[in-house]
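S.K.: Below is the file entry14.cif, which contains mmCIF, C-alpha atoms.
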```cif
data_run
#
loop_
_atom_site.label_atom_id
_atom_site.label_comp_id
_atom_site.auth_asym_id
_atom_site.auth_seq_id
_atom_site.Cartn_x
_atom_site.Cartn_y
_atom_site.Cartn_z
CA MET A 425 103.59 -68.33 66.37
CA GLU A 426 103.44 -66.27 63.19
CA ARG A 427 103.73 -68.34 60.03
CA SER A 428 105.57 -67.35 56.90
CA PRO A 429 103.25 -66.29 54.08
CA LEU A 430 103.01 -68.43 50.96
CA SER A 431 104.62 -67.19 47.79
CA GLU A 432 102.51 -66.44 44.73
CA ALA A 433 103.81 -69.62 43.09
CA GLU A 434 102.87 -71.71 46.16
CA ILE A 435 99.38 -70.18 46.25
CA MET A 436 98.81 -70.99 42.61
CA ARG A 437 100.13 -74.55 42.96
CA ILE A 438 97.92 -75.34 45.96
CA ASP A 439 94.97 -73.68 44.30
CA ALA A 440 95.37 -75.69 41.10
CA GLU A 441 95.71 -78.98 42.99
CA HIS A 442 93.16 -78.61 45.79
CA ILE A 443 90.85 -75.57 45.77
CA TRP A 444 87.45 -75.97 44.16
CA HIS A 445 86.16 -72.53 43.20
CA PRO A 446 82.46 -71.67 42.75
CA TYR A 447 80.88 -72.75 39.47
CA SER A 448 84.19 -74.13 38.27
CA SER A 449 85.97 -77.28 37.17
CA PHE A 450 89.47 -78.53 37.84
CA LYS A 451 89.61 -79.07 34.09
CA SER A 452 88.67 -75.44 33.38
CA ALA A 453 90.87 -73.09 31.39
CA VAL A 454 89.45 -70.07 33.22
CA PRO A 455 92.33 -68.50 35.19
CA VAL A 456 92.30 -67.37 38.81
CA PHE A 457 94.14 -64.29 40.05
CA PRO A 458 95.70 -64.22 43.54
CA VAL A 459 94.74 -61.14 45.56
CA LYS A 460 97.24 -59.80 48.06
CA SER A 461 95.20 -56.97 49.54
CA ALA A 462 92.21 -54.74 48.88
CA GLN A 463 91.33 -51.18 49.76
CA GLY A 464 88.46 -48.96 48.70
CA VAL A 465 87.40 -50.07 45.23
CA TYR A 466 90.77 -51.61 44.38
CA LEU A 467 92.06 -55.18 44.37
CA HIS A 468 95.86 -55.50 44.60
CA LEU A 469 97.15 -58.70 43.01
CA HIS A 470 100.28 -60.60 43.99
CA SER A 471 101.55 -59.91 40.48
CA GLY A 472 101.62 -56.19 41.27
CA GLU A 473 98.58 -55.25 39.19
CA THR A 474 95.80 -53.13 40.66
CA LEU A 475 92.21 -53.65 39.50
CA ILE A 476 89.07 -51.60 39.98
CA ASP A 477 86.45 -53.99 41.36
CA GLY A 478 83.29 -53.36 39.37
CA MET A 479 81.08 -55.89 41.11
CA SER A 480 81.69 -55.30 44.81
CA SER A 481 82.75 -58.90 45.39
CA TRP A 482 79.43 -60.38 44.33
CA TRP A 483 77.50 -57.27 45.42
CA SER A 484 78.67 -57.23 49.03
CA THR A 485 81.31 -54.52 49.60
CA LEU A 486 78.89 -51.63 49.89
CA HIS A 487 81.46 -49.12 51.16
CA GLY A 488 84.44 -50.66 49.37
CA TYR A 489 87.09 -52.84 50.96
CA ASN A 490 88.34 -52.43 54.52
CA PRO A 491 86.24 -49.50 55.74
CA THR A 492 88.07 -48.49 58.91
CA ALA A 493 84.94 -48.07 61.02
CA ILE A 494 83.85 -51.67 60.43
CA SER A 495 87.34 -53.16 60.83
CA ASP A 496 87.91 -51.29 64.10
CA ALA A 497 84.51 -52.31 65.46
CA ILE A 498 85.14 -55.99 64.65
CA ALA A 499 88.55 -55.87 66.36
CA LYS A 500 87.07 -54.25 69.46
CA GLN A 501 84.20 -56.74 69.61
CA ALA A 502 86.63 -59.67 69.23
CA GLN A 503 88.30 -58.66 72.48
CA GLN A 504 84.99 -58.86 74.33
CA LEU A 505 82.86 -61.58 72.77
CA SER A 506 83.64 -63.21 69.42
CA HIS A 507 80.96 -65.89 69.57
CA VAL A 508 78.42 -67.47 71.86
CA MET A 509 75.57 -69.88 71.18
CA PHE A 510 72.28 -68.09 70.54
CA GLY A 511 70.11 -70.76 72.13
CA GLY A 512 69.05 -69.38 75.51
CA LEU A 513 71.54 -66.48 75.32
CA THR A 514 71.54 -63.06 73.73
CA HIS A 515 73.89 -60.08 73.47
CA GLU A 516 74.06 -56.39 72.66
CA PRO A 517 75.33 -56.63 69.04
CA ALA A 518 72.38 -58.82 68.02
CA ALA A 519 69.88 -56.64 69.89
CA TYR A 520 71.17 -53.44 68.33
CA LEU A 521 71.26 -54.89 64.81
CA THR A 522 67.76 -56.30 65.14
CA LYS A 523 66.48 -52.89 66.28
CA GLN A 524 68.10 -51.29 63.24
CA LEU A 525 66.61 -53.81 60.81
CA VAL A 526 63.10 -53.46 62.22
CA GLU A 527 63.28 -49.66 62.06
CA LEU A 528 64.74 -49.64 58.54
CA SER A 529 62.64 -52.33 56.86
CA PRO A 530 59.11 -51.87 55.42
CA ASP A 531 56.48 -51.24 58.10
CA GLY A 532 55.14 -54.39 59.69
CA LEU A 533 58.25 -56.55 59.63
CA GLU A 534 58.78 -56.92 63.37
CA LYS A 535 60.57 -60.23 63.93
CA VAL A 536 64.14 -61.06 62.83
CA PHE A 537 65.78 -64.46 62.45
CA LEU A 538 69.55 -64.25 61.95
CA SER A 539 71.53 -66.83 59.99
CA ASP A 540 74.73 -67.38 58.05
CA SER A 541 74.13 -66.74 54.35
CA GLY A 542 71.58 -65.64 51.80
CA SER A 543 70.70 -69.15 50.68
CA VAL A 544 70.01 -70.11 54.28
CA ALA A 545 67.86 -67.00 54.74
CA VAL A 546 65.72 -68.22 51.83
CA GLU A 547 65.52 -71.72 53.32
CA ILE A 548 64.33 -70.17 56.58
CA ALA A 549 61.72 -68.07 54.78
CA MET A 550 60.34 -71.13 53.02
CA LYS A 551 60.26 -73.08 56.28
CA MET A 552 58.45 -70.20 57.97
CA ALA A 553 55.80 -70.20 55.25
CA ILE A 554 55.29 -73.97 55.44
CA GLN A 555 55.20 -74.03 59.24
CA TYR A 556 52.76 -71.09 59.18
CA TRP A 557 50.22 -73.14 57.23
CA HIS A 558 50.81 -76.19 59.42
CA ALA A 559 49.94 -73.99 62.36
CA LYS A 560 46.81 -72.92 60.51
CA GLY A 561 45.77 -76.55 60.15
CA GLN A 562 46.47 -76.60 56.40
CA PRO A 563 49.59 -78.75 55.97
CA ASN A 564 48.66 -79.31 52.32
CA LYS A 565 49.75 -75.71 51.62
CA ASN A 566 53.45 -76.51 51.34
CA LYS A 567 54.51 -75.46 47.83
CA MET A 568 56.02 -72.21 46.59
CA LEU A 569 55.03 -70.22 43.52
CA ALA A 570 58.19 -68.76 42.00
CA LEU A 571 59.02 -66.66 38.94
CA ARG A 572 60.81 -68.09 35.95
CA ASN A 573 64.32 -66.70 35.51
CA GLY A 574 64.48 -66.21 39.26
CA TYR A 575 67.45 -67.17 41.44
CA HIS A 576 67.38 -67.66 45.20
CA GLY A 577 70.50 -69.64 46.13
CA ASP A 578 72.34 -72.93 45.84
CA THR A 579 71.09 -74.97 48.82
CA ILE A 580 68.53 -77.71 48.20
CA GLY A 581 65.42 -75.79 49.22
CA ALA A 582 66.53 -72.55 47.58
CA MET A 583 67.39 -74.42 44.38
CA SER A 584 63.82 -75.66 44.12
CA VAL A 585 62.51 -72.11 43.63
CA CYS A 586 65.17 -71.11 41.11
CA ASP A 587 64.21 -71.33 37.45
CA PRO A 588 64.12 -75.08 36.69
CA VAL A 589 65.66 -74.57 33.23
CA THR A 590 67.94 -71.51 33.44
CA GLY A 591 68.63 -71.58 37.18
CA MET A 592 71.81 -73.70 36.94
CA HIS A 593 70.17 -76.51 38.90
CA HIS A 594 68.43 -78.64 36.27
CA LEU A 595 70.80 -81.52 37.07
CA PHE A 596 69.09 -81.84 40.45
CA LYS A 597 65.49 -81.63 39.23
CA ASP A 598 64.64 -85.19 40.31
CA THR A 599 65.89 -84.49 43.84
CA LEU A 600 64.25 -81.12 44.40
CA THR A 601 60.74 -80.44 45.64
CA GLN A 602 58.63 -79.71 42.59
CA GLN A 603 57.41 -76.15 42.98
CA VAL A 604 54.98 -74.11 40.87
CA PHE A 605 56.35 -71.54 38.41
CA THR A 606 54.89 -68.57 36.60
CA GLU A 607 56.19 -66.57 33.67
CA GLN A 608 58.98 -64.06 34.11
CA PRO A 609 57.38 -60.61 34.46
CA ALA A 610 57.18 -59.23 30.91
CA CYS A 611 56.78 -55.60 31.98
CA LYS A 612 60.05 -53.69 32.06
CA PHE A 613 60.76 -51.28 34.90
CA HIS A 614 59.68 -48.07 33.16
CA GLU A 615 57.01 -49.57 30.88
CA GLN A 616 53.36 -48.62 31.13
CA TRP A 617 51.51 -51.10 33.30
CA ASP A 618 48.82 -53.38 31.93
CA GLU A 619 46.79 -55.93 33.89
CA SER A 620 47.42 -58.49 31.14
CA TYR A 621 50.90 -58.95 32.59
CA LEU A 622 49.22 -60.84 35.45
CA THR A 623 47.40 -63.38 33.29
CA ASP A 624 49.73 -66.30 33.93
CA ILE A 625 50.32 -65.76 37.66
CA LYS A 626 46.55 -65.41 38.19
CA GLN A 627 46.06 -68.71 36.40
CA GLN A 628 48.78 -70.46 38.40
CA ILE A 629 47.30 -69.22 41.67
CA ALA A 630 43.80 -70.31 40.62
CA ASN A 631 45.09 -73.78 39.72
CA HIS A 632 47.31 -74.32 42.77
CA LYS A 633 46.25 -72.09 45.66
CA HIS A 634 45.05 -75.13 47.63
CA GLU A 635 48.68 -76.31 47.81
CA LEU A 636 50.56 -72.99 47.78
CA ALA A 637 52.11 -71.60 50.95
CA ALA A 638 53.69 -68.50 49.43
CA VAL A 639 54.84 -66.60 46.38
CA ILE A 640 58.58 -65.93 46.37
CA LEU A 641 60.17 -63.28 44.18
CA GLU A 642 63.11 -60.92 43.87
CA PRO A 643 61.35 -57.54 43.86
CA VAL A 644 62.00 -55.37 40.79
CA VAL A 645 65.37 -56.97 39.90
CA GLN A 646 65.88 -60.63 39.02
CA GLY A 647 69.60 -60.94 39.70
CA THR A 648 71.62 -63.99 38.78
CA GLY A 649 68.73 -65.31 36.70
CA GLY A 650 69.29 -62.65 34.07
CA MET A 651 69.57 -59.13 35.54
CA HIS A 652 65.99 -58.45 34.49
CA PHE A 653 64.47 -55.17 35.70
CA TYR A 654 60.69 -55.33 35.90
CA SER A 655 57.80 -53.08 36.90
CA PRO A 656 57.12 -52.31 40.57
CA GLU A 657 53.44 -52.52 39.61
CA TYR A 658 53.91 -56.25 39.19
CA VAL A 659 55.20 -56.59 42.75
CA LYS A 660 52.33 -54.46 44.03
CA ALA A 661 49.78 -56.54 42.13
CA VAL A 662 51.27 -59.83 43.39
CA LYS A 663 50.96 -58.60 46.96
CA THR A 664 47.26 -57.90 46.31
CA LEU A 665 46.83 -61.36 44.75
CA CYS A 666 48.46 -62.99 47.77
CA GLU A 667 46.12 -61.21 50.16
CA ALA A 668 43.07 -62.15 48.09
CA ASN A 669 44.06 -65.81 47.78
CA ASN A 670 45.34 -66.61 51.27
CA LEU A 671 49.04 -66.76 50.36
CA LEU A 672 52.15 -65.32 51.98
CA LEU A 673 54.59 -63.16 50.02
CA ILE A 674 58.34 -63.75 50.41
CA ALA A 675 60.58 -60.95 49.11
CA ASP A 676 64.15 -62.03 48.42
CA GLU A 677 66.05 -58.75 48.90
CA ILE A 678 69.46 -60.38 49.27
CA ALA A 679 70.81 -58.67 46.14
CA THR A 680 68.56 -55.60 46.13
CA GLY A 681 68.53 -54.52 49.76
CA PHE A 682 70.35 -51.54 51.26
CA GLY A 683 70.00 -49.04 48.43
CA ARG A 684 71.20 -50.91 45.36
CA THR A 685 68.10 -50.11 43.26
CA GLY A 686 67.73 -46.51 44.46
CA LYS A 687 65.43 -47.36 47.36
CA MET A 688 66.58 -48.75 50.69
CA PHE A 689 64.69 -51.93 49.81
CA ALA A 690 63.33 -52.76 46.37
CA CYS A 691 59.88 -53.42 47.86
CA GLU A 692 59.64 -49.68 48.44
CA HIS A 693 59.36 -49.10 44.68
CA ALA A 694 56.02 -50.93 44.94
CA GLY A 695 55.04 -49.46 48.30
CA ILE A 696 54.36 -52.87 49.84
CA THR A 697 55.37 -54.88 52.89
CA PRO A 698 55.98 -58.58 52.27
CA ASP A 699 55.06 -61.15 54.89
CA ILE A 700 58.66 -62.39 54.92
CA MET A 701 61.83 -60.70 53.66
CA CYS A 702 65.34 -62.12 53.15
CA LEU A 703 68.53 -60.08 53.54
CA GLY A 704 72.17 -60.99 53.03
CA LYS A 705 75.16 -60.19 50.79
CA THR A 706 75.94 -56.58 51.72
CA LEU A 707 74.41 -56.78 55.20
CA THR A 708 77.89 -56.57 56.77
CA GLY A 709 79.44 -54.44 54.04
CA GLY A 710 81.24 -57.48 52.66
CA THR A 711 83.31 -58.10 55.79
CA MET A 712 81.70 -61.22 57.28
CA THR A 713 78.97 -63.67 56.38
CA LEU A 714 75.55 -62.88 57.85
CA ALA A 715 71.93 -63.01 56.72
CA ALA A 716 68.54 -62.19 58.17
CA THR A 717 64.96 -63.30 57.56
CA LEU A 718 62.35 -60.81 58.73
CA CYS A 719 58.65 -61.53 59.14
CA THR A 720 55.44 -59.94 60.39
CA ASN A 721 53.96 -60.48 63.82
CA ASN A 722 51.19 -62.45 62.16
CA VAL A 723 53.64 -65.01 60.77
CA ALA A 724 55.59 -65.29 64.02
CA ASP A 725 52.53 -65.42 66.30
CA THR A 726 50.81 -68.05 64.17
CA ILE A 727 53.87 -70.31 64.25
CA CYS A 728 54.48 -69.83 67.98
CA ASN A 729 50.86 -70.35 69.01
CA ALA A 730 50.62 -73.83 67.51
CA GLU A 731 52.37 -77.17 67.85
CA PRO A 732 55.32 -77.52 68.32
CA GLY A 733 55.27 -73.93 69.59
CA VAL A 734 58.72 -73.02 68.26
CA PHE A 735 60.22 -72.29 64.86
CA MET A 736 62.23 -75.33 63.80
CA HIS A 737 65.57 -73.85 62.83
CA GLY A 738 68.79 -73.02 64.69
CA PRO A 739 72.16 -72.30 62.99
CA THR A 740 75.24 -72.77 65.16
CA PHE A 741 76.63 -69.34 64.29
CA MET A 742 73.27 -67.59 64.43
CA GLY A 743 73.63 -64.04 65.75
CA ASN A 744 77.43 -64.14 65.74
CA PRO A 745 78.54 -61.02 67.68
CA LEU A 746 81.34 -60.13 65.26
CA ALA A 747 79.04 -60.32 62.25
CA CYS A 748 76.25 -58.42 64.01
CA THR A 749 78.70 -55.69 64.97
CA ALA A 750 79.94 -55.43 61.39
CA ALA A 751 76.37 -55.21 60.11
CA SER A 752 75.38 -52.49 62.57
CA VAL A 753 78.35 -50.29 61.66
CA ASN A 754 77.74 -50.97 57.97
CA ILE A 755 74.15 -49.75 58.29
CA ASP A 756 75.25 -46.69 60.29
CA LEU A 757 77.78 -45.82 57.56
CA LEU A 758 75.06 -46.11 54.94
CA LEU A 759 72.51 -44.02 56.83
CA ASN A 760 75.09 -41.34 57.62
CA SER A 761 76.09 -41.04 53.95
CA ASP A 762 74.30 -39.33 51.08
CA TRP A 763 73.59 -42.73 49.60
CA GLN A 764 70.60 -41.67 47.48
CA SER A 765 72.72 -39.08 45.66
CA ASN A 766 75.50 -41.61 45.22
CA ILE A 767 73.12 -44.14 43.68
CA SER A 768 71.74 -41.50 41.28
CA ARG A 769 75.28 -40.45 40.38
CA LEU A 770 76.36 -44.03 39.74
CA GLN A 771 73.28 -44.78 37.63
CA ALA A 772 73.92 -41.73 35.47
CA GLY A 773 77.59 -42.66 35.07
CA LEU A 774 76.83 -46.27 34.22
CA LEU A 775 74.24 -45.26 31.64
CA GLU A 776 76.48 -42.70 29.96
CA GLY A 777 79.57 -44.91 30.08
CA LEU A 778 77.92 -48.05 28.72
CA LEU A 779 75.84 -46.42 25.95
CA PRO A 780 78.57 -46.89 23.30
CA CYS A 781 78.14 -50.66 23.66
CA LYS A 782 74.66 -50.36 22.13
CA HIS A 783 76.23 -49.78 18.72
CA ASN A 784 77.87 -53.21 18.75
CA ALA A 785 75.83 -55.71 16.71
CA LYS A 786 76.74 -58.49 19.13
CA VAL A 787 75.24 -56.60 22.08
CA LYS A 788 71.56 -57.32 22.70
CA ASP A 789 70.81 -54.70 25.36
CA VAL A 790 72.30 -52.12 27.70
CA ARG A 791 70.32 -51.27 30.84
CA THR A 792 70.80 -49.65 34.22
CA LEU A 793 68.83 -49.36 37.44
CA GLY A 794 70.25 -47.72 40.53
CA ALA A 795 73.85 -48.80 40.99
CA ILE A 796 73.46 -51.71 38.56
CA GLY A 797 74.73 -51.67 34.99
CA VAL A 798 74.21 -54.50 32.50
CA VAL A 799 75.46 -55.23 29.01
CA GLU A 800 73.62 -58.24 27.65
CA MET A 801 75.33 -59.98 24.74
CA GLN A 802 73.60 -61.86 21.94
CA GLU A 803 75.54 -65.03 22.85
CA PRO A 804 77.18 -66.38 26.04
CA VAL A 805 80.71 -65.09 26.54
CA ASP A 806 83.78 -67.31 26.70
CA MET A 807 85.03 -66.78 30.24
CA ALA A 808 88.51 -68.17 29.50
CA LYS A 809 88.97 -65.43 26.90
CA ILE A 810 87.13 -62.45 28.31
CA GLN A 811 88.17 -62.63 31.99
CA PRO A 812 91.90 -62.01 31.33
CA MET A 813 90.95 -59.19 28.96
CA PHE A 814 89.24 -57.31 31.76
CA VAL A 815 92.28 -57.81 33.99
CA GLU A 816 94.54 -56.48 31.23
CA HIS A 817 92.34 -53.37 31.15
CA GLY A 818 92.70 -52.89 34.92
CA VAL A 819 89.22 -53.92 36.08
CA TRP A 820 87.67 -56.89 37.82
CA LEU A 821 84.40 -58.19 36.42
CA ARG A 822 83.09 -61.72 36.27
CA PRO A 823 80.43 -62.12 33.58
CA PHE A 824 78.06 -65.06 33.46
CA GLY A 825 76.21 -66.42 30.46
CA LYS A 826 75.34 -63.51 28.17
CA LEU A 827 75.67 -60.90 30.92
CA ILE A 828 78.49 -58.48 31.61
CA TYR A 829 77.29 -56.59 34.65
CA MET A 830 78.55 -54.02 37.11
CA MET A 831 77.52 -53.38 40.72
CA PRO A 832 80.07 -50.85 41.96
CA ALA A 833 80.59 -49.91 45.58
CA TYR A 834 78.71 -46.75 46.48
CA ILE A 835 81.99 -44.95 47.22
CA MET A 836 83.27 -45.37 43.64
CA GLN A 837 84.23 -41.96 42.28
CA ASP A 838 83.28 -40.64 38.84
CA GLU A 839 86.76 -41.10 37.35
CA GLN A 840 86.96 -44.65 38.64
CA LEU A 841 83.52 -45.38 37.21
CA LYS A 842 84.56 -43.87 33.89
CA THR A 843 87.64 -46.11 33.83
CA LEU A 844 85.42 -49.10 34.56
CA THR A 845 82.85 -48.41 31.85
CA GLN A 846 85.49 -47.51 29.26
CA ALA A 847 87.22 -50.82 29.99
CA VAL A 848 83.93 -52.65 29.46
CA CYS A 849 83.35 -50.93 26.12
CA ASN A 850 86.92 -51.55 24.98
CA VAL A 851 86.94 -55.21 26.01
CA ILE A 852 83.59 -55.89 24.32
CA GLU A 853 84.86 -54.22 21.14
CA LYS A 854 88.03 -56.33 21.10
CA TYR A 855 86.26 -59.53 22.17
CA THR A 856 83.57 -59.29 19.50
CA ALA A 857 86.12 -58.45 16.80
CA GLN A 858 87.94 -61.76 17.25
#
```
Let me see whether you can do it: turn the structure in this file into C-alpha cells.
M.R.:
Amino acid sequence: MERSPLSEAEIMRIDAEHIWHPYSSFKSAVPVFPVKSAQGVYLHLHSGETLIDGMSSWWSTLHGYNPTAISDAIAKQAQQLSHVMFGGLTHEPAAYLTKQLVELSPDGLEKVFLSDSGSVAVEIAMKMAIQYWHAKGQPNKNKMLALRNGYHGDTIGAMSVCDPVTGMHHLFKDTLTQQVFTEQPACKFHEQWDESYLTDIKQQIANHKHELAAVILEPVVQGTGGMHFYSPEYVKAVKTLCEANNLLLIADEIATGFGRTGKMFACEHAGITPDIMCLGKTLTGGTMTLAATLCTNNVADTICNAEPGVFMHGPTFMGNPLACTAASVNIDLLLNSDWQSNISRLQAGLLEGLLPCKHNAKVKDVRTLGAIGVVEMQEPVDMAKIQPMFVEHGVWLRPFGKLIYMMPAYIMQDEQLKTLTQAVCNVIEKYTAQ
C-alpha cells in the first residue's frame, strides 16, 4: 500500500525531535534543509529552491545525481537478486566488479574484500595487516604508524589512526588503541623534494618497527584532516621505507580514488603499489553504500597459509548484488568518459574562480588539485551563519573548521562551476565583513 508523503512541516518537526545528524547536536543552531529530489548537480529543496551541489554529497556522486544507467541497472538487478549471504555463495555482480577493480587498481593488488563503508574498509585493512604478522609468527607487530592530520573514519579502529589531536576523536583517546604517529608531510604537492622531509618518519620507524604492522596514509591528499596536498615523492619514499623495514603499506584511497586527484588512484602520482588499498565513497557513484579493501597475493597467501587459515571478518551485507551492480556501472561510466579532460577542466575552473578569495585578509590559503578546491580561512567558520548564506546564493557546501572546500561532480559544466565559485567568493566577502 502506497503511503502519503510527509509535508515539509512534518519532516522538519520529526527531524528536530528525533533525527541525530552527523557531527551535530540537538541543541545546535545549524539549520537543516529538506531535499525533495536531486538530478545532475542540483539539489531541489522542499521549499522550492534549487542548489548546485559543490561537494558531491561528501565526495560520492561522481556522475551527479540519478545517472540513468546506474538507476536502471539497480532496478533490473533488484528483480533478479537483491541480496544473498556471501558466506559460501557468490554471484555475477560481485565477480564482475572484482574483475574491474583488479584490472583498474595498481599492479599487484589481486585480492578484493568487499564491505559496507569506508570506515569498515579501513578496519579490514588494519585487521589484515595485524593478522599478516600473526601468520608470520610476529604477533608483537600489531601497531600502525599514521600521519598527523590524517583521517580514516569514525569506527573504533579507524579512529585510532586519525590524528589524536585534530582528528575529532580526542574524547575517546583512553579507549582507543595507542598507535604511533609521525609528522604531517611538510612538502607541498608541487614543491621540490628534499630527503629531510623524511626525518621524523625514519625516526619513528627506527624506534617502533619491532611493534609496527603497517604504515597507513591517505596518498597525496589528506582529506577531512585538513585538505592538505603533499608531494607524491613522500608516498614513494614511504613505500621504500616500508620495504626496507619489514612493514606493510596501507593506502586509504576512499576520498582520492576514481580520478579525483587527476589520476585514477592517487598512488599513481607516486608510481607505487601499496600492500593494501581501501576504496569507498564514490565506488557506486553515490547511489548505494559499498567499500572494498584490496591486497596483494603476498598478504592474502600469508594469512590463508597460517592458523586459523581464514581472514577473520564477514559483514552481513558483504558483496550486496545491488551495490556491486551500481559500482560496476559507475566504473564503466567513468572509463567510457573523458574523465581526465574533465578533471583538468574542473581544476582550471576552480583555480580561476577561487583566486579572488586570496585577496581577503581573513583567507589563509587557496589551493586546488584535480577536482578539489579549497579555501582555508584564518579562523574556523561559524556554521550557523555561513551555511544559510551559501543556500541563499544557490549552492550547497558544508565547510568544516577553517575549510571551505569543493569537490564537484565530474559532469559539472563550466557555467555551473563559475556559479559555484562566484558564490563562494561572494559569501566569504560578506561573511568576513560582518
S.K.: Which residues fall under the PyMOL selection byres ((chain A and resi 585) around 10) in this file, as a PyMOL selection string?
M.R.: chain A and resi 546+550+567-577+580-584+586-588+591+600-605+639-641
S.K.: Let me know the residues the PyMOL selection byres ((chain A and resi 480-494) around 7) catches in the file above, as a ChimeraX atom specification.
M.R.: /A:462-465,477-479,495-498,679,705-706,709-710,750,753-754,831-835
S.K.: Starting from the PyMOL selection byres ((chain A and resi 725-731) around 8), expand the selection into actual residues of this file and give them as a PyMOL selection string.
M.R.: chain A and resi 552+555-556+559-560+721-724+732-735
S.K.: Store the residues picked out above in a file with C-alpha atoms, as a PDB file, in the coordinates of the input.
M.R.:
```pdb
ATOM      1  CA  MET A 552      58.450 -70.200  57.970  1.00  0.00           C
ATOM      2  CA  GLN A 555      55.200 -74.030  59.240  1.00  0.00           C
ATOM      3  CA  TYR A 556      52.760 -71.090  59.180  1.00  0.00           C
ATOM      4  CA  ALA A 559      49.940 -73.990  62.360  1.00  0.00           C
ATOM      5  CA  LYS A 560      46.810 -72.920  60.510  1.00  0.00           C
ATOM      6  CA  ASN A 721      53.960 -60.480  63.820  1.00  0.00           C
ATOM      7  CA  ASN A 722      51.190 -62.450  62.160  1.00  0.00           C
ATOM      8  CA  VAL A 723      53.640 -65.010  60.770  1.00  0.00           C
ATOM      9  CA  ALA A 724      55.590 -65.290  64.020  1.00  0.00           C
ATOM     10  CA  PRO A 732      55.320 -77.520  68.320  1.00  0.00           C
ATOM     11  CA  GLY A 733      55.270 -73.930  69.590  1.00  0.00           C
ATOM     12  CA  VAL A 734      58.720 -73.020  68.260  1.00  0.00           C
ATOM     13  CA  PHE A 735      60.220 -72.290  64.860  1.00  0.00           C
TER      14      PHE A 735
END
```
S.K.: Which residue, A:Ile700, A:Leu827, A:Val815, A:Leu665, has the smallest gap to A:Ser471 when you use only C-alpha atoms?
M.R.: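 Using only C-alpha atoms, A:Ser471 sits closest to A:Val815.
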S.K.: Separation of atom CA of A:Ser655 and atom CA of A:Lys612, in Å?
M.R.: 5.4 Å
S.K.: Determine the nearest neighbour of A:Ile678 from the options A:Thr648, A:Ser452, A:Gln802, A:Gln627, counting only C-alpha atoms.
M.R.: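 Going through A:Thr648, A:Ser452, A:Gln802, A:Gln627 one by one, the smallest distance to A:Ile678 is for A:Thr648.
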S.K.: Pick the closest to A:Leu538 from A:Cys849, A:Leu673, A:Ala785, A:Leu718: which is it, counting only C-alpha atoms?
M.R.: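 Counting only C-alpha atoms, the residue closest to A:Leu538 is A:Leu718.
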S.K.: When you count only C-alpha atoms, which of these residues is closest to A:His817: A:Gly649, A:Met801, A:Val851, A:Ala795?
M.R.: A:Val851
S.K.: Atom CA of A:Ala694 to atom CA of A:Ala519: how many Å, to one decimal?
M.R.: 29.1 Å
S.K.: Any chance you could model all heavy atoms for stretch 724-728 of chain A and send them as a CSV table (one decimal), in the coordinates of the input?
M.R.:
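Saved the output as selection.csv:
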```csv
chain,number,residue,atom,x,y,z
A,724,ALA,N,54.9,-64.8,62.8
A,724,ALA,CA,55.6,-65.3,64.0
A,724,ALA,C,54.6,-65.8,65.1
A,724,ALA,O,54.8,-66.9,65.6
A,724,ALA,CB,56.5,-64.2,64.6
A,725,ASP,N,53.5,-65.0,65.3
A,725,ASP,CA,52.5,-65.4,66.3
A,725,ASP,C,51.8,-66.7,65.9
A,725,ASP,O,51.6,-67.6,66.8
A,725,ASP,CB,51.5,-64.3,66.5
A,725,ASP,CG,52.1,-63.1,67.2
A,725,ASP,OD1,53.2,-63.2,67.8
A,725,ASP,OD2,51.4,-62.0,67.2
A,726,THR,N,51.5,-66.8,64.6
A,726,THR,CA,50.8,-68.0,64.2
A,726,THR,C,51.7,-69.3,64.4
A,726,THR,O,51.2,-70.3,64.9
A,726,THR,CB,50.4,-67.9,62.7
A,726,THR,OG1,49.6,-66.8,62.5
A,726,THR,CG2,49.8,-69.2,62.2
A,727,ILE,N,52.9,-69.2,64.1
A,727,ILE,CA,53.9,-70.3,64.2
A,727,ILE,C,54.0,-70.6,65.7
A,727,ILE,O,54.0,-71.8,66.1
A,727,ILE,CB,55.2,-70.0,63.6
A,727,ILE,CG1,55.1,-70.0,62.1
A,727,ILE,CG2,56.3,-71.0,64.1
A,727,ILE,CD1,56.4,-69.5,61.4
A,728,CYS,N,54.2,-69.6,66.6
A,728,CYS,CA,54.5,-69.8,68.0
A,728,CYS,C,53.3,-70.2,68.8
A,728,CYS,O,53.4,-70.8,69.9
A,728,CYS,CB,55.1,-68.6,68.6
A,728,CYS,SG,56.7,-68.2,67.9
```
